[in-house]
Amino acid sequence: MHSRPLDIQGITGAIAYLGLYIVLDWFSYVQPVLKLGITPWNPQAGLTLAFLVMYGPRWIPVAVLAALCSELLVRHSSVASLLVLGVALWIGLGYGILSVFLRRWHLSFPIRTLGAAGRFAGAALGVTLLVAGGYVVLFMVAGELPPEHAVESLPRLWIGDLTGILTLTPLLISAHEWRVGLQIVKRHRAEVLAQIAALSATLWILYGALDDQLRFFYPLFVPVIWIALRWGASGAMIAALGIQIGLIIAAQYESGGAPLIDLQFLMLTLSLTALLLGAVVTERADALRTAAVREAEQRVLLAMAPDGVLAVDSSGHVRMANSAALRLFGDAGDSWQGAPIADWLPGLILARPEGRATLEGRRKAGGAFPADIAWSWLDTAPSGGFLVTVRDATDRRRAEAKLRDRDRALSRAMRFAVAGELASALTHELNQPITALVSYVRAAQILAEPFSVEEERLSATLGKAAQEAIRASQVLRRLRDFYRGGTVKREDVHISALCQAMAHSFQDRLRRAGATLAIHIDSSVPSLTADATQLEIVLHNLVSNAIDALAIGEPSNRRIELHARAEQNLLEFRIDDSGPGIAPDVAQKLFEPFVTSKADGMGLGLAISRSLVRARGGELFFQPSEHLHGACFVIRLPIDYAMDEIT
Amino acid sequence: MTGPTVFVVDDDASIRDALSLLISLKGLQPCVYSSAEDFLAVYDAQWRGCLLTDLQMPHMSGLDLQTALRERGIQLPVVVLTAHGDVATTRAALKNGAVDFLEKPVDDDVLIDVLKNAIGIDAERHRANKQRIETMTRLGRLTPREHDVLDLLAEGLQHREIAERLGISPRTVEVYKARMMEKLQCRTLAEVVRIGSEARAHRPRAVE
């Protein structure tokens with residue numbers, strides 16, 4: 001605030017203001033009353049206010065200077081210079097205060113609303129009264145104005161200032177919009193010319209009837225109202241300005257006739273009417289334009305909407321349908337207008353004010369499609385009605401079916417893997433005693449050799465016993481091989497897609513457990529040749545275990561992280577959880593079949609997972625999680641692996 | 001322990017008992033251990049025979065045992081016996097140096113054939129080892145000149161060429177050759193050439 005740069009724009013404005021002020025003062029200096037220099041109309045008051053509103057109250061001294069100059073140059077005041085200075089200061093201060101109010105209210109010019117017009121007129125009315133009052137009092141105190149003239153002078157002075165402000169200030173402040181006005185004039189040249197002609201004609205009538213000017217003043221309202229209705233506040237103000245200029249010119253040459261104060265009152269009424277009427281018109285026009293824009297937006301929105309949108313009246317007839325709806329139902333033309341909604345959506349019952357349903361939509365050309373419907377009661381429709389949205393659910397159904405198929409395939413593969421692991425575990429456990437059995441029987445056979453001479457059936461019987469034991473183990477092996485062999489597929493597995501699909505299938509469980517699953521797939525991870533279902537079973541098992549582990553642990557901060565990265569020929573998955581971890585004694589037997597910590601578990605998940613990973617030439621192991629402090633399971637798979645060796 | 005022995009390592013007591021009974025009845029000498037650690041704790045380099053081990057055992061698995069043997073330079077042939085006949089473990093065991101792989105339950109004839117074969121491999125390895133040491137000892141008795149003659153003979157050079165190469169007369173070469181053959185106890189030139197190339201193959205390494 002200390003050294004403000006030179007405000008070139010402000011100074012230019014101030015100089016222009018000063019010049020214009022003196023010109024206006026000189027021009028409107030007609031029929032001055034007494035020593036006060038009271039004139040019927042003071043456009044310079046409007047100019048001062050416009051200047052202060054535009055440039056700010058710090059230019060008040062310039063306004064004072066203008067008032068001073070006009071007193072000395074135009075009016076050639078004969079009164080004491082101290083009084084002139086006092087008057088100038090008072091005027092500058094008064095308009096300065098008014099400008100502060102107008103600026104603080106952020107009134108926009110041109111005035112666009114009735115509220116703004118009312119505030120503007122009210123404030124101007126008050127301040128001009130104050131200014132005029134002070135003016136008169138100053139002159140009275142100085143003894144330049146006899147008190148009997150004071151009552152007469154005050155309204156003249158006040159109305160002159162007020163009229164000047166009402167007509168000129170809004171126009172001057174919004175002068176930068178003159179281009180818009182010019183365009184309107186160009187576009188409606190004939191109408192504008194007619195309006196100018198009407199104005200001129202009424203003015204001419206006014207001049208012609210000098211004896212009884214007041215009576216012929218009223219026709220002036222007609223063109224002013226016409227213009228106000230057509231062009232809003234700005235047009236009305238210009239018209240009022242034109243009339244006032246005309247009146248000033250008339251007053252210049254003709255004095256007498258009607259008392260000046262009556263003319264002033266009429267001019268004030270005219271200006272106020274023009275201002276308020278114009279503001280109302282502008283406000284309405286703005287509202288209509290906004291509504292039109294909104295409607296256009298909504299129309300485009302409806303047209304662009306991917307879903308069908310219908311407006312249905314309370315008796316169930318279609319009033320409106322957007323293009324998506326017409327496309328859905330295969331309807332064209334206008335035949336749908338007023339058609340019962342039941343033609344399109346049989347069975348739709350709009351009983352509740354809001355609702356959703358999935359129904360069968362009928363196409364006009366025949367055929368049907370599954371439709372997701374949502375509706376909502378609409379109050380604004382003339383007799384009420386519903387807005388109904390329609391979406392073709394074919395794709396959603398198909399996606400759901402696909403998801404269901406995938407889940408089914410996965411659970412089938414999982415059951416198969418469980419059976420396989422069971423068979424494998426059973427084979428292992430039973431082969432141990434069978435091995436002992438076969439060896440014992442073969443040993444017995446050898447031991448029985450000396451007695452074979454007496455009983456030749458002994459050795460043969462023992463041999464058969466051994467054969468039977470071997471057969472039992474072969475049955476087991478076949479069972480195991482049935483579940484193991486021939487089910488491994490070779491396919492290109494996109495790791496990221498696989499993990500995302502798996503995460504998707506856990507959404508509900510994660511939400512119920514209040515846990516999050518974050519997946520980080522390193523960009524180095526290539527696609528892998530493997531059996532996608534088997535790999536998914538493994539990841540599924542590990543994530544499922546992690547969720548179960550989280551349910552035991554702290555409710556806050558339940559996190560699971562799946563990292564995948566590739567290094568040379570090794571693809572590594574890590575599944576970390578923030579659960580309680582696994583005790584070392586449990587960890588040792590973790591991968592053995594039938595070892596479980598769950599009440600309803602079979603203890604096969606990890607055993608299966610490890611078998612599947614090993615069958616792909618990889619390894620699955622456990623370690624404590626480093627950064628989540630729970631368990632961490634690591635899968636390592638060779639990226640290049642001759643899978644033929646497996647089957 | 002004398003004679004070839006079948007060292008049986010299995011954590012299942014019944015299997016140990018049954019196998020040792022069968023093996024002994026088939027005329028082989030069994031010796032059982034309930035874990036790989038137990039076997040390693042008492043192993044003696046003098047032991048001949050073969051090792052019959054289960055794969056799945058607590059703590060140290062059969063594969064771990066194989067690795068431990070290899071690390072200690074123990075050349076005892078290993079026969080793996082497993083209840084889990086899957087390809088991955090089979091491959092791992094064979095890659096790890098097992099001479100054979102048997103699936104439980106195993107019938108006596110197959111078992112004994114495999115064990116005898118493994119014992120044979122051990123005996124052959126032992127014999128070859130002994131012979132190599134013998135040969136090395138004999139080679140050690142040669143003078144540098146005799147060694148040179150041996151090397152050049154192994155390269156396939158004639159007496160005249162050797163004489164030229166060593167700067168001596170063919171006659172002297174004959175003398176060296178005769179002395180060398182006597183020290184190496186060789187009767188034919190073919191034998192000399194074989195030992196010569198063997199000596200060459202072993203030279204870069206430390207002689208046992």
# chains A, B, ... in the order shown; residues from 1 in each chain; ligands from 1
$ interface_residues --of "chain A" --to "chain B" --cutoff "8 Å" --atoms "only C-alpha atoms" --output "VMD selection string"
chain A and resid 424 427 to 429 431 to 440 442 to 443 446 to 447 470 473 614 to 615 617 645 to 646
$ residues_around --residues "A:Ile341" --least-positions-apart "4" --cutoff "9 Å" --atoms "only C-alpha atoms" --output "list in words"
Val312, Gly316, His317, Val318, Leu345, Pro346 and Leu348 of chain A
$ select_by_dssp --residues "stretch 474-579 of chain A" --states "helix (DSSP H, G or I)" --output "PyMOL selection string"
chain A and resi 474-484+495-505+507-513+532-552
